[in-house]
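Shown next: target_28.cif, given as mmCIF, C-alpha atoms.
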data_query
#
loop_
_atom_site.label_atom_id
_atom_site.label_comp_id
_atom_site.auth_asym_id
_atom_site.auth_seq_id
_atom_site.Cartn_x
_atom_site.Cartn_y
_atom_site.Cartn_z
CA MET A 238 -7.78 97.77 -35.43
CA ASN A 239 -4.81 98.88 -33.31
CA LEU A 240 -5.57 102.58 -33.79
CA LYS A 241 -9.19 102.13 -32.78
CA LEU A 242 -8.22 100.14 -29.72
CA ASN A 243 -5.58 102.69 -28.70
CA LYS A 244 -8.09 105.57 -29.04
CA PHE A 245 -10.62 103.62 -26.97
CA LEU A 246 -8.03 103.03 -24.22
CA ILE A 247 -6.94 106.66 -24.15
CA ILE A 248 -10.57 107.77 -23.72
CA ILE A 249 -11.05 105.29 -20.86
CA LEU A 250 -7.81 106.44 -19.18
CA ILE A 251 -8.75 110.11 -19.38
CA GLY A 252 -12.18 109.28 -17.99
CA ILE A 253 -10.80 107.31 -15.05
CA VAL A 254 -8.17 109.92 -14.16
CA SER A 255 -10.49 112.92 -14.40
CA THR A 256 -13.12 111.35 -12.15
CA ASN A 257 -10.72 110.17 -9.44
CA ILE A 258 -7.91 112.70 -9.25
CA GLN A 259 -9.88 114.68 -6.62
CA GLY A 260 -9.46 111.92 -3.99
CA GLN A 261 -8.41 112.79 -0.42
CA GLU A 262 -4.72 112.65 0.31
CA LYS A 263 -3.64 111.11 3.57
CA PHE A 264 -1.23 113.41 5.38
CA GLU A 265 1.48 111.34 7.04
CA LYS A 266 5.08 112.06 6.24
CA GLU A 267 8.52 111.38 7.63
CA SER A 268 11.72 112.96 6.33
CA ARG A 269 15.40 113.04 7.13
CA LEU A 270 16.52 116.14 9.00
CA LYS A 271 19.99 117.64 8.86
CA SER A 272 21.69 118.15 12.23
CA LYS A 273 21.82 121.91 11.61
CA ASP A 274 18.02 121.98 11.45
CA VAL A 275 17.52 120.09 14.73
CA PRO A 276 16.53 122.24 17.75
CA LYS A 277 19.55 122.89 19.96
CA THR A 278 17.76 121.49 23.03
CA ALA A 279 17.44 118.11 21.30
CA LEU A 280 21.07 118.16 20.13
CA ASN A 281 22.19 118.99 23.68
CA PHE A 282 20.16 116.08 25.06
CA ILE A 283 21.81 113.60 22.68
CA GLU A 284 25.23 115.07 23.42
CA GLU A 285 24.67 114.81 27.16
CA ALA A 286 23.56 111.19 26.81
CA GLN A 287 26.96 110.41 25.19
CA ILE A 288 25.56 108.36 22.32
CA SER A 289 28.29 106.24 20.78
CA GLY A 290 26.54 105.33 17.49
CA LYS A 291 25.79 107.49 14.45
CA VAL A 292 22.62 109.49 15.07
CA LYS A 293 20.12 109.99 12.24
CA TRP A 294 17.51 112.72 12.63
CA TYR A 295 13.97 112.61 11.28
CA ILE A 296 10.94 114.87 11.34
CA GLU A 297 7.56 113.16 11.47
CA TYR A 298 4.35 114.89 10.51
CA GLY A 299 1.22 113.22 11.85
CA LEU A 300 -2.36 114.28 11.38
CA GLU A 301 -2.27 116.42 14.52
CA THR A 302 1.30 116.42 15.76
CA THR A 303 4.81 116.95 14.48
CA SER A 304 7.78 115.43 16.23
CA ILE A 305 11.53 115.15 15.85
CA GLU A 306 13.19 111.81 16.24
CA ALA A 307 16.80 110.70 16.74
CA LYS A 308 17.52 107.10 15.72
CA PHE A 309 20.73 105.21 16.40
CA LYS A 310 22.16 101.81 17.22
CA MET A 311 23.99 101.37 20.48
CA ASN A 312 25.19 98.16 22.13
CA ARG A 313 23.51 96.16 19.34
CA LYS A 314 20.10 97.68 20.09
CA TRP A 315 18.06 100.19 18.09
CA TYR A 316 17.13 103.36 19.97
CA SER A 317 14.62 106.01 19.08
CA VAL A 318 14.47 109.28 21.03
CA GLU A 319 11.44 111.46 20.39
CA PHE A 320 11.25 115.23 20.90
CA ASP A 321 8.62 117.86 20.25
CA THR A 322 9.32 120.59 17.69
CA LEU A 323 11.02 122.74 20.33
CA GLY A 324 13.40 119.91 21.13
CA ILE A 325 11.82 118.97 24.45
CA ILE A 326 12.30 115.27 25.14
CA GLU A 327 9.13 113.18 25.02
CA ASP A 328 10.29 109.58 25.30
CA VAL A 329 13.05 107.06 24.68
CA GLU A 330 12.28 103.79 22.88
CA ILE A 331 14.56 100.76 22.84
CA GLU A 332 13.93 97.78 20.59
CA ILE A 333 13.89 94.58 22.63
CA LYS A 334 12.97 90.93 22.15
CA PHE A 335 9.74 89.42 23.42
CA LYS A 336 11.63 86.74 25.32
CA ASP A 337 13.42 89.47 27.29
CA LEU A 338 10.17 90.68 28.86
CA LYS A 339 9.26 89.73 32.41
CA THR A 340 7.17 86.54 32.53
CA LYS A 341 4.20 88.37 34.07
CA ILE A 342 4.08 90.94 31.28
CA LYS A 343 4.66 88.31 28.59
CA LYS A 344 1.69 86.32 29.87
CA ALA A 345 -0.53 89.41 30.09
CA ILE A 346 0.35 90.49 26.54
CA GLU A 347 -0.10 86.97 25.13
CA SER A 348 -3.44 86.64 26.89
CA THR A 349 -4.69 89.98 25.50
CA LEU A 350 -3.55 89.18 21.97
CA ASN A 351 -5.10 85.71 22.18
CA ASN A 352 -8.41 87.35 23.13
CA ILE A 353 -8.29 89.88 20.30
CA CYS A 354 -6.84 87.72 17.52
CA GLU A 355 -7.44 84.18 16.35
CA THR A 356 -3.72 83.97 15.64
CA HIS A 357 -1.01 86.58 15.97
CA LYS A 358 2.66 87.14 15.34
CA ILE A 359 4.76 89.80 17.03
CA PHE A 360 7.23 91.51 14.69
CA LYS A 361 8.72 94.22 16.86
CA ILE A 362 8.69 95.41 20.48
CA GLN A 363 9.92 98.71 21.79
CA LYS A 364 10.28 99.50 25.47
CA GLN A 365 9.16 103.09 25.91
CA PHE A 366 10.55 105.23 28.74
CA SER A 367 9.06 108.61 29.61
CA GLY A 368 9.80 110.98 32.48
CA ASP A 369 12.18 113.67 33.55
CA GLN A 370 15.01 114.59 31.17
CA ASN A 371 17.75 113.54 33.62
CA VAL A 372 16.09 110.17 34.17
CA LEU A 373 15.94 109.54 30.43
CA ILE A 374 19.61 110.45 30.10
CA SER A 375 20.33 107.87 32.81
CA VAL A 376 18.30 105.31 30.86
CA LEU A 377 20.39 105.96 27.75
CA LYS A 378 23.61 105.77 29.76
CA GLN A 379 22.32 102.58 31.38
CA GLU A 380 22.85 104.12 34.80
CA GLU A 381 20.89 103.30 37.94
CA THR A 382 18.39 105.98 38.93
CA GLN A 383 16.25 106.47 42.03
CA GLU A 384 13.81 108.77 40.26
CA SER A 385 10.60 107.39 38.85
CA PHE A 386 9.76 107.03 35.19
CA ASP A 387 6.99 105.44 33.15
CA ILE A 388 7.48 102.32 31.09
CA LYS A 389 5.22 101.21 28.29
CA TYR A 390 5.59 98.59 25.57
CA GLU A 391 4.85 99.29 21.92
CA LEU A 392 4.25 96.15 19.85
CA VAL A 393 3.89 95.75 16.11
CA ALA A 394 2.04 92.52 15.42
CA LYS A 395 0.08 90.66 12.80
CA CYS A 396 -3.42 89.83 13.95
CA VAL A 397 -5.64 87.35 12.11
CA LYS A 398 -9.34 87.69 12.81
CA GLU A 399 -12.24 86.26 10.81
CA ASN A 400 -9.73 85.10 8.18
CA LYS A 401 -8.51 88.66 7.75
CA SER A 402 -4.84 89.37 8.38
CA GLU A 403 -3.92 92.89 9.48
CA GLN A 404 -1.04 94.61 11.20
CA PHE A 405 -1.53 96.65 14.38
CA GLU A 406 0.46 98.73 16.79
CA PHE A 407 -0.45 97.85 20.37
CA LEU A 408 0.54 99.94 23.38
CA PHE A 409 0.73 98.09 26.70
CA SER A 410 1.36 99.41 30.20
CA ASP A 411 4.14 98.12 32.44
CA GLU A 412 1.51 95.87 34.00
CA GLY A 413 0.66 94.37 30.63
CA GLN A 414 -2.65 96.19 30.23
CA LEU A 415 -3.64 97.23 26.73
CA ILE A 416 -3.74 101.05 26.48
CA ASN A 417 -4.14 101.70 22.79
CA THR A 418 -4.51 99.90 19.44
CA SER A 419 -3.98 101.39 16.02
CA LYS A 420 -4.18 99.70 12.66
CA ILE A 421 -1.15 100.03 10.42
CA ILE A 422 -2.00 100.98 6.88
CA PHE A 423 0.50 99.67 4.37
CA LYS A 424 1.74 101.89 1.63
CA LYS A 425 0.52 100.99 -1.84
CA SER A 426 2.74 98.45 -3.53
CA ASN A 427 1.42 97.95 -7.05
CA ASN A 428 4.69 99.39 -8.40
CA LEU A 429 6.45 96.46 -6.74
CA GLU A 430 4.01 93.78 -7.87
CA TYR A 431 3.21 94.56 -11.51
CA MET B 298 20.20 89.42 6.75
CA ASN B 299 18.02 90.80 3.98
CA ILE B 300 20.61 93.42 3.05
CA LYS B 301 23.08 90.53 2.68
CA PHE B 302 20.54 88.69 0.54
CA VAL B 303 20.00 91.70 -1.73
CA THR B 304 23.78 92.15 -2.00
CA PHE B 305 24.06 88.49 -2.97
CA ILE B 306 21.42 88.96 -5.68
CA ILE B 307 23.25 92.01 -7.09
CA VAL B 308 26.61 90.18 -7.11
CA PHE B 309 24.97 87.10 -8.63
CA PHE B 310 23.51 89.13 -11.50
CA CYS B 311 26.80 90.99 -12.04
CA LEU B 312 28.64 87.68 -12.31
CA ILE B 313 26.09 85.96 -14.50
CA ILE B 314 25.86 88.78 -17.05
CA PRO B 315 28.79 88.30 -19.46
CA LYS B 316 31.53 90.89 -19.11
CA GLN B 317 32.58 90.75 -22.76
CA SER B 318 30.07 90.77 -25.51
CA ASN B 319 30.11 87.77 -27.75
CA SER B 320 31.01 88.62 -31.34
CA GLN B 321 27.64 87.22 -32.46
CA SER B 322 25.60 89.11 -29.92
CA THR B 323 23.28 91.91 -30.90
CA TYR B 324 21.63 94.78 -29.11
CA GLN B 325 18.58 96.94 -29.35
CA PHE B 326 17.82 100.25 -27.76
CA GLY B 327 14.50 101.95 -27.34
CA VAL B 328 11.76 103.28 -25.10
CA LEU B 329 9.30 101.35 -22.95
CA PRO B 330 6.54 103.62 -21.63
CA SER B 331 3.85 102.09 -19.43
CA ILE B 332 0.72 103.08 -17.54
CA SER B 333 -0.48 100.92 -14.65
CA LEU B 334 -3.88 101.56 -13.09
CA ASN B 335 -4.80 99.83 -9.86
CA LYS B 336 -8.27 99.75 -8.34
CA LYS B 337 -8.91 98.43 -4.85
CA LEU B 338 -12.15 96.49 -4.52
CA GLU B 339 -14.08 95.05 -1.60
CA LYS B 340 -13.08 91.92 0.32
CA ASP B 341 -9.34 92.31 -0.36
CA TRP B 342 -9.73 92.13 -4.13
CA SER B 343 -8.07 94.51 -6.55
CA VAL B 344 -7.66 94.83 -10.30
CA ASN B 345 -4.74 96.08 -12.30
CA PHE B 346 -4.93 97.40 -15.81
CA LYS B 347 -1.63 97.97 -17.56
CA THR B 348 -0.60 99.08 -20.98
CA GLU B 349 2.99 99.12 -22.17
CA SER B 350 4.40 99.98 -25.58
CA ARG B 351 7.77 99.21 -27.10
CA LEU B 352 9.45 101.71 -29.39
CA LEU B 353 12.74 100.80 -31.06
CA ILE B 354 15.29 103.54 -31.69
CA GLN B 355 18.36 101.60 -32.74
CA ASN B 356 19.57 98.03 -33.16
CA GLY B 357 22.81 96.47 -34.24
CA ASP B 358 25.73 94.31 -33.23
CA PHE B 359 28.84 94.99 -31.19
CA LYS B 360 31.05 95.12 -34.31
CA GLY B 361 29.77 98.59 -35.10
CA ASN B 362 26.98 97.69 -37.52
CA HIS B 363 23.78 99.40 -36.57
CA ASN B 364 20.44 100.50 -37.88
CA LYS B 365 19.11 103.77 -36.53
CA GLU B 366 15.42 103.91 -37.17
CA PHE B 367 12.51 104.86 -34.97
CA GLU B 368 10.05 102.00 -35.11
CA TYR B 369 6.91 101.19 -33.16
CA LEU B 370 7.13 97.50 -32.20
CA LEU B 371 4.20 96.48 -30.05
CA THR B 372 1.72 97.27 -27.30
CA ASP B 373 0.84 95.02 -24.37
CA ILE B 374 -2.51 95.44 -22.64
CA SER B 375 -3.20 93.42 -19.52
CA LEU B 376 -5.93 93.03 -16.94
CA ILE B 377 -5.10 91.20 -13.72
CA ALA B 378 -7.34 90.45 -10.74
CA ALA B 379 -5.63 90.01 -7.38
CA LYS B 380 -6.71 88.80 -3.96
CA LYS B 381 -4.87 89.53 -0.74
CA VAL B 382 -4.13 86.18 0.90
CA GLY B 383 -1.91 87.22 3.77
CA LEU B 384 -0.75 90.29 5.63
CA ASN B 385 1.37 91.45 2.71
CA SER B 386 0.93 88.78 0.06
CA ARG B 387 -1.34 88.52 -2.93
CA VAL B 388 -2.27 85.94 -5.55
CA ALA B 389 -3.20 87.24 -8.96
CA GLY B 390 -4.28 86.01 -12.34
CA GLY B 391 -5.09 87.67 -15.59
CA TYR B 392 -4.82 88.04 -19.30
CA LEU B 393 -2.54 90.00 -21.60
CA ILE B 394 -2.97 90.76 -25.25
CA ARG B 395 0.05 91.77 -27.31
CA LEU B 396 -0.62 93.74 -30.48
CA ARG B 397 2.26 93.43 -32.92
CA ASN B 398 2.19 94.03 -36.66
CA GLY B 399 -1.57 93.65 -36.72
CA GLU B 400 -1.33 90.27 -35.02
CA ALA B 401 -2.75 89.48 -31.60
CA ILE B 402 -0.74 87.33 -29.18
CA HIS B 403 -2.51 86.03 -26.09
CA ARG B 404 -0.99 85.40 -22.69
CA THR B 405 -2.44 84.06 -19.45
CA ILE B 406 -0.69 85.09 -16.23
CA GLN B 407 -0.59 83.74 -12.68
CA GLN B 408 1.46 85.27 -9.91
CA PHE B 409 2.12 85.31 -6.18
CA SER B 410 3.74 88.35 -4.63
CA ILE B 411 4.86 89.26 -1.19
CA VAL B 412 6.00 92.73 -0.09
CA LYS B 413 7.91 93.05 3.15
CA SER B 414 8.40 96.35 4.94
CA LYS B 415 11.82 96.53 6.53
CA THR B 416 13.49 99.30 8.48
CA GLY B 417 14.51 101.78 5.80
CA TYR B 418 13.34 99.87 2.71
CA ARG B 419 10.74 97.50 1.21
CA LEU B 420 11.50 94.18 -0.42
CA ALA B 421 9.15 92.49 -2.87
CA HIS B 422 9.29 88.94 -4.18
CA ARG B 423 7.23 87.89 -7.19
CA PHE B 424 6.78 84.34 -8.41
CA ALA B 425 4.98 84.20 -11.74
CA ALA B 426 4.06 81.87 -14.55
CA ASP B 427 2.64 82.74 -17.94
CA GLN B 428 1.57 80.96 -21.08
CA THR B 429 1.75 82.63 -24.48
CA PHE B 430 -0.30 81.60 -27.49
CA SER B 431 -0.15 82.88 -31.03
CA SER B 432 -1.34 81.67 -34.41
CA ASN B 433 2.11 81.09 -35.92
CA GLN B 434 4.25 79.88 -33.02
CA SER B 435 4.27 77.04 -30.53
CA PRO B 436 2.95 77.94 -27.09
CA GLU B 437 5.58 79.39 -24.79
CA PHE B 438 5.64 78.70 -21.05
CA ARG B 439 7.59 80.96 -18.70
CA PHE B 440 8.39 80.65 -15.01
CA ARG B 441 9.68 83.83 -13.47
CA TYR B 442 11.12 85.03 -10.19
CA ARG B 443 11.67 88.70 -9.41
CA ILE B 444 13.12 90.38 -6.36
CA THR B 445 12.72 94.14 -5.95
CA PRO B 446 14.24 96.30 -3.24
CA GLU B 447 12.78 99.80 -2.96
CA VAL B 448 14.87 102.30 -1.01
CA PRO B 449 13.58 105.78 -0.12
CA LEU B 450 15.99 108.62 -0.75
CA ASN B 451 14.56 110.62 2.13
CA GLY B 452 13.65 109.11 5.47
CA GLN B 453 12.74 105.51 6.16
CA THR B 454 9.60 105.18 4.06
CA VAL B 455 8.58 106.53 0.67
CA ASP B 456 6.18 109.38 1.40
CA PRO B 457 4.39 111.78 -0.96
CA LYS B 458 6.69 114.20 -2.79
CA GLU B 459 9.71 111.99 -2.20
CA PHE B 460 12.10 110.11 -4.49
CA TYR B 461 13.11 106.48 -4.24
CA ILE B 462 15.35 103.95 -5.98
CA LYS B 463 13.76 100.69 -7.12
CA THR B 464 15.62 97.86 -8.84
CA ASN B 465 14.06 94.74 -10.33
CA PHE B 466 16.22 91.63 -10.61
CA GLU B 467 14.43 88.93 -12.56
CA LEU B 468 15.14 85.46 -13.93
CA LEU B 469 12.84 84.09 -16.64
CA ASN B 470 12.84 80.40 -17.54
CA LYS B 471 11.35 80.00 -20.99
CA PHE B 472 10.13 76.76 -22.52
CA GLN B 473 8.97 76.57 -26.13
CA SER B 474 8.62 73.28 -28.00
CA SER B 475 11.81 71.50 -26.95
CA ASP B 476 13.81 74.73 -26.39
CA TYR B 477 14.79 76.17 -23.07
CA GLU B 478 16.13 79.67 -22.56
CA LEU B 479 17.04 81.70 -19.51
CA GLU B 480 16.55 85.45 -19.64
CA LEU B 481 17.92 87.94 -17.14
CA ARG B 482 16.51 91.35 -16.44
CA VAL B 483 17.94 94.13 -14.33
CA VAL B 484 15.84 97.26 -14.06
CA PRO B 485 17.21 100.14 -11.96
CA LEU B 486 14.68 102.97 -11.69
CA LEU B 487 14.40 106.34 -10.05
CA GLY B 488 10.89 106.83 -8.70
CA TYR B 489 8.90 109.79 -7.45
CA THR B 490 5.77 109.57 -5.33
CA LEU B 491 3.65 112.58 -6.17
CA ASN B 492 0.82 111.65 -3.77
CA GLU B 493 -1.07 108.58 -2.55
CA GLN B 494 -2.43 108.01 -6.07
CA ASN B 495 0.45 108.75 -8.39
CA LYS B 496 3.96 107.36 -8.78
CA PHE B 497 6.37 107.94 -11.63
CA GLU B 498 9.47 105.93 -12.48
CA PHE B 499 12.26 106.46 -14.96
CA GLY B 500 15.31 104.33 -15.66
CA LEU B 501 16.88 101.48 -17.58
CA ASP B 502 15.28 98.14 -18.40
CA TYR B 503 18.16 95.85 -19.31
CA ARG B 504 17.39 92.39 -20.71
CA PHE B 505 19.87 89.67 -21.55
CA ASP B 506 18.31 87.02 -23.75
CA SER B 507 19.54 84.31 -23.50
CA LEU B 508 22.26 82.71 -21.41
CA PHE B 509 22.34 79.46 -23.36
CA ILE B 510 22.54 80.60 -26.96
CA SER B 511 25.58 81.60 -29.01
CA ASP B 512 24.09 84.86 -30.27
CA PRO B 513 22.48 86.48 -27.25
CA ARG B 514 20.64 89.77 -27.46
CA HIS B 515 21.12 92.69 -25.10
CA SER B 516 18.13 95.00 -24.87
CA PHE B 517 18.39 98.46 -23.35
CA TRP B 518 15.02 100.09 -22.90
CA THR B 519 14.39 103.47 -21.38
CA SER B 520 11.64 102.64 -18.95
CA ILE B 521 9.05 105.32 -18.15
CA ASN B 522 6.26 104.20 -15.83
CA TRP B 523 3.19 105.86 -14.38
CA TYR B 524 1.33 104.08 -11.56
CA PHE B 525 -2.10 105.35 -10.65
CA ASN B 526 -4.18 104.08 -7.70
CA PHE B 527 -7.84 104.80 -7.31
#
I'd like the structure from this file rewritten - as structure tokens, please.
Amino acid sequence: MNLKLNKFLIIILIGIVSTNIQGQEKFEKESRLKSKDVPKTALNFIEEAQISGKVKWYIEYGLETTSIEAKFKMNRKWYSVEFDTLGIIEDVEIEIKFKDLKTKIKKAIESTLNNICETHKIFKIQKQFSGDQNVLISVLKQEETQESFDIKYELVAKCVKENKSEQFEFLFSDEGQLINTSKIIFKKSNNLEY
Amino acid sequence: MNIKFVTFIIVFFCLIIPKQSNSQSTYQFGVLPSISLNKKLEKDWSVNFKTESRLLIQNGDFKGNHNKEFEYLLTDISLIAAKKVGLNSRVAGGYLIRLRNGEAIHRTIQQFSIVKSKTGYRLAHRFAADQTFSSNQSPEFRFRYRITPEVPLNGQTVDPKEFYIKTNFELLNKFQSSDYELELRVVPLLGYTLNEQNKFEFGLDYRFDSLFISDPRHSFWTSINWYFNF
């Protein structure tokens, strides 16, 4: 009885695998990068910004873009500095707390999320600075600057709508206007559950 | 905080597992290959089909007596249906049949799992209960808790063509007739994500059964797992 059952299962397994192995593979990958492989322009930027914490480098491949990212902790805050593949600075992100936002922005964000979601929960907020290289160095050094730069807020939040709970990344302007929304797809976890 | 919690779990298991083997205790060593197939369905449902076999290579005691013989022990076949109930949590229920020496043992399973994505790792909690029925033994009822950290070896998430380390720490409370036993399992595994569909894991499945008996058994299984999503 066991042999018959085992044969039956093997046939089913082969059938399932052979009909589904051709599925599309999503191309989204992030890997550690050794300092020696980081473009010199990016290394110079981090050196000039006098980062006190240990810097970890990553390369991120998106569907259309590839970027290089430096991540570190400084003054008890997580920083993420993004460069293009040539090492040109794109933006600086600093993890902050929702309560640290200005009241006006907090209200605007809450109002938008209340309109979109039945209930929501914010997990993470990053303040995103973009502008001239020298300005961004000043931001990292926490120095005053007269030059202008753009500020945006990137939120990761749970949004429950029609009894469906999903996680999104929301991008808000400095005025609290919603610029972009993207759904976060979780990686498969059956190897952690079964 | 979670890193501290995981450290606490590791230290707890290291302390609870006896350092010196009891003179009465026995061991077994073998191979535990498994295949787990997961199919996502509509409306947040999914089904998991899993088959796992147990092959004994050697057993004995810690006095040096041993029996080296390759022996097929059993095969478990399970089918579990799961429903996503939260952002990263799932309730599941299913049935397992164990084929051993021509006998069929039946088990019903219920579980709740939650998988949290943290910066640089994932942490899964699984709360499960199962009930085992066979023709020649009293029903057995088990209540289990498992915590599993999964740490990528490259970058902050486990991406295709990357390795990871996964370790299961599990406590099993077992009730049968008037007996109670507590089993511990520690399963450190090296995993490889080939692509979005396929994951492979290889490592040790250590089981200590049981804490409250004078002749406990240590089981050392070589765990080889294939996870396939479709």
Test item: the PyMOL selection byres ((chain A) within 7 of (chain B)) resolved as a short mmCIF file (atom, residue, chain, number, x, y, z; two decimals) with C-alpha atoms, in the coordinates of the input:
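Saved result, selection-v2.cif, follows:
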data_model
loop_
_atom_site.label_atom_id
_atom_site.label_comp_id
_atom_site.auth_asym_id
_atom_site.auth_seq_id
_atom_site.Cartn_x
_atom_site.Cartn_y
_atom_site.Cartn_z
CA ASN A 257 -10.72 110.17 -9.44
CA GLU A 262 -4.72 112.65 0.31
CA LYS A 266 5.08 112.06 6.24
CA GLU A 267 8.52 111.38 7.63
CA SER A 268 11.72 112.96 6.33
CA ARG A 269 15.40 113.04 7.13
CA TYR A 295 13.97 112.61 11.28
CA SER A 402 -4.84 89.37 8.38
CA GLU A 403 -3.92 92.89 9.48
CA ASN A 428 4.69 99.39 -8.40
CA LEU A 429 6.45 96.46 -6.74
CA GLU A 430 4.01 93.78 -7.87
#
(message) Taking the file as I've supplied it (selection: the PyMOL selection byres ((chain A and resi 395) around 6)), which residues are included? Please answer as a PyMOL selection string.
(response) chain A and resi 357-358+394+396+403-404
(message) When the PyMOL selection byres ((chain B and resi 328) around 10) is applied to the structure above, which residues does it catch, written out as a ChimeraX atom specification?
(response) /B:326-327,329-331,350-354,369,501-502,517-521
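If you look at CA of Met311 (chain A) and CA of Tyr461 (chain B), they are 27.5 Å away from each other.
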(request) Could you tell me which of A:Ile296, A:Val393, A:Phe386, A:Leu373 comes closest to Lys334 (chain A) if we count all atoms listed in the file? (result)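 Counting all atoms listed in the file, the residue closest to Lys334 (chain A) is A:Val393.
Between Val448 (chain B) and the residues B:Leu487, B:Ile510, B:Leu370, B:Ile406, the shortest atom-to-atom distance, using only C-alpha atoms, involves B:Leu487.
Atom pair CA of Gln325 (chain B) / CA of Arg514 (chain B): separated by 7.7 Å.
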(message) Give me the residues near Lys398 (chain A) as a VMD selection string, where near means some atom within 6 Å (using only C-alpha atoms) and where sequence neighbours in that chain fewer than 2 positions away do not count.
(response) chain A and resid 354 to 355 400 to 401
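CA of Asp411 (chain A) lies 7.0 Å from CA of Tyr390 (chain A).
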(request) For region 277-282 of chain A, work out the shell of residues within 12 Å, counting only C-alpha atoms and skipping chain neighbours fewer than 6 positions away, then give it as a PyMOL selection string. (result) chain A and resi 271+288+292-295+304-307+318-329+369-375+377-378
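Ranking B:Gln321, B:Thr416, B:Ser516, B:Gln428 by their shortest atom-to-atom distance to Phe359 (chain B), with only C-alpha atoms included, puts B:Gln321 first.
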(message) For a quick check of understanding, using all atoms listed in the file, which of A:Ala345, A:Glu332, A:Val397, A:Ser367 has the smallest distance to Glu384 (chain A)?
(response)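 Result for the nearest residue to Glu384 (chain A): A:Ser367.
Closest approach to Val376 (chain A) among A:Asp274, A:Glu391, A:Ile331, A:Lys308 is made by A:Ile331 (distances from all atoms listed in the file).
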(request) Please identify all polymer residues lying at most 7 Å from the point (-0.7, 98.4, 19.6) (file coordinates), using only C-alpha atoms, and present the result as an MDAnalysis selection string. (result) chainID A and resid 391:393 405:408 417:419
Completion step: region 403-415 of chain B with N, CA and C atoms as a tab-separated table (two decimals), in the coordinates of the input:
chain	number	residue	atom	x	y	z
B	403	HIS	N	-1.75	86.13	-27.34
B	403	HIS	CA	-2.51	86.03	-26.09
B	403	HIS	C	-1.65	85.40	-25.00
B	404	ARG	N	-1.79	85.94	-23.80
B	404	ARG	CA	-0.99	85.40	-22.69
B	404	ARG	C	-1.85	85.32	-21.43
B	405	THR	N	-1.79	84.19	-20.76
B	405	THR	CA	-2.44	84.06	-19.45
B	405	THR	C	-1.35	84.15	-18.38
B	406	ILE	N	-1.70	84.78	-17.26
B	406	ILE	CA	-0.69	85.09	-16.23
B	406	ILE	C	-1.18	84.65	-14.86
B	407	GLN	N	-0.30	84.05	-14.08
B	407	GLN	CA	-0.59	83.74	-12.68
B	407	GLN	C	0.61	84.23	-11.86
B	408	GLN	N	0.33	84.82	-10.72
B	408	GLN	CA	1.46	85.27	-9.91
B	408	GLN	C	1.15	85.30	-8.42
B	409	PHE	N	2.21	85.18	-7.64
B	409	PHE	CA	2.12	85.31	-6.18
B	409	PHE	C	3.17	86.32	-5.77
B	410	SER	N	2.77	87.33	-5.03
B	410	SER	CA	3.74	88.35	-4.63
B	410	SER	C	3.66	88.61	-3.14
B	411	ILE	N	4.80	88.94	-2.61
B	411	ILE	CA	4.86	89.26	-1.19
B	411	ILE	C	5.75	90.51	-1.04
B	412	VAL	N	5.27	91.47	-0.28
B	412	VAL	CA	6.00	92.73	-0.09
B	412	VAL	C	6.28	92.91	1.39
B	413	LYS	N	7.54	92.94	1.74
B	413	LYS	CA	7.91	93.05	3.15
B	413	LYS	C	8.44	94.44	3.45
B	414	SER	N	7.91	95.03	4.52
B	414	SER	CA	8.40	96.35	4.94
B	414	SER	C	9.50	96.15	5.97
B	415	LYS	N	10.68	96.63	5.63
B	415	LYS	CA	11.82	96.53	6.53
B	415	LYS	C	12.17	97.92	7.03
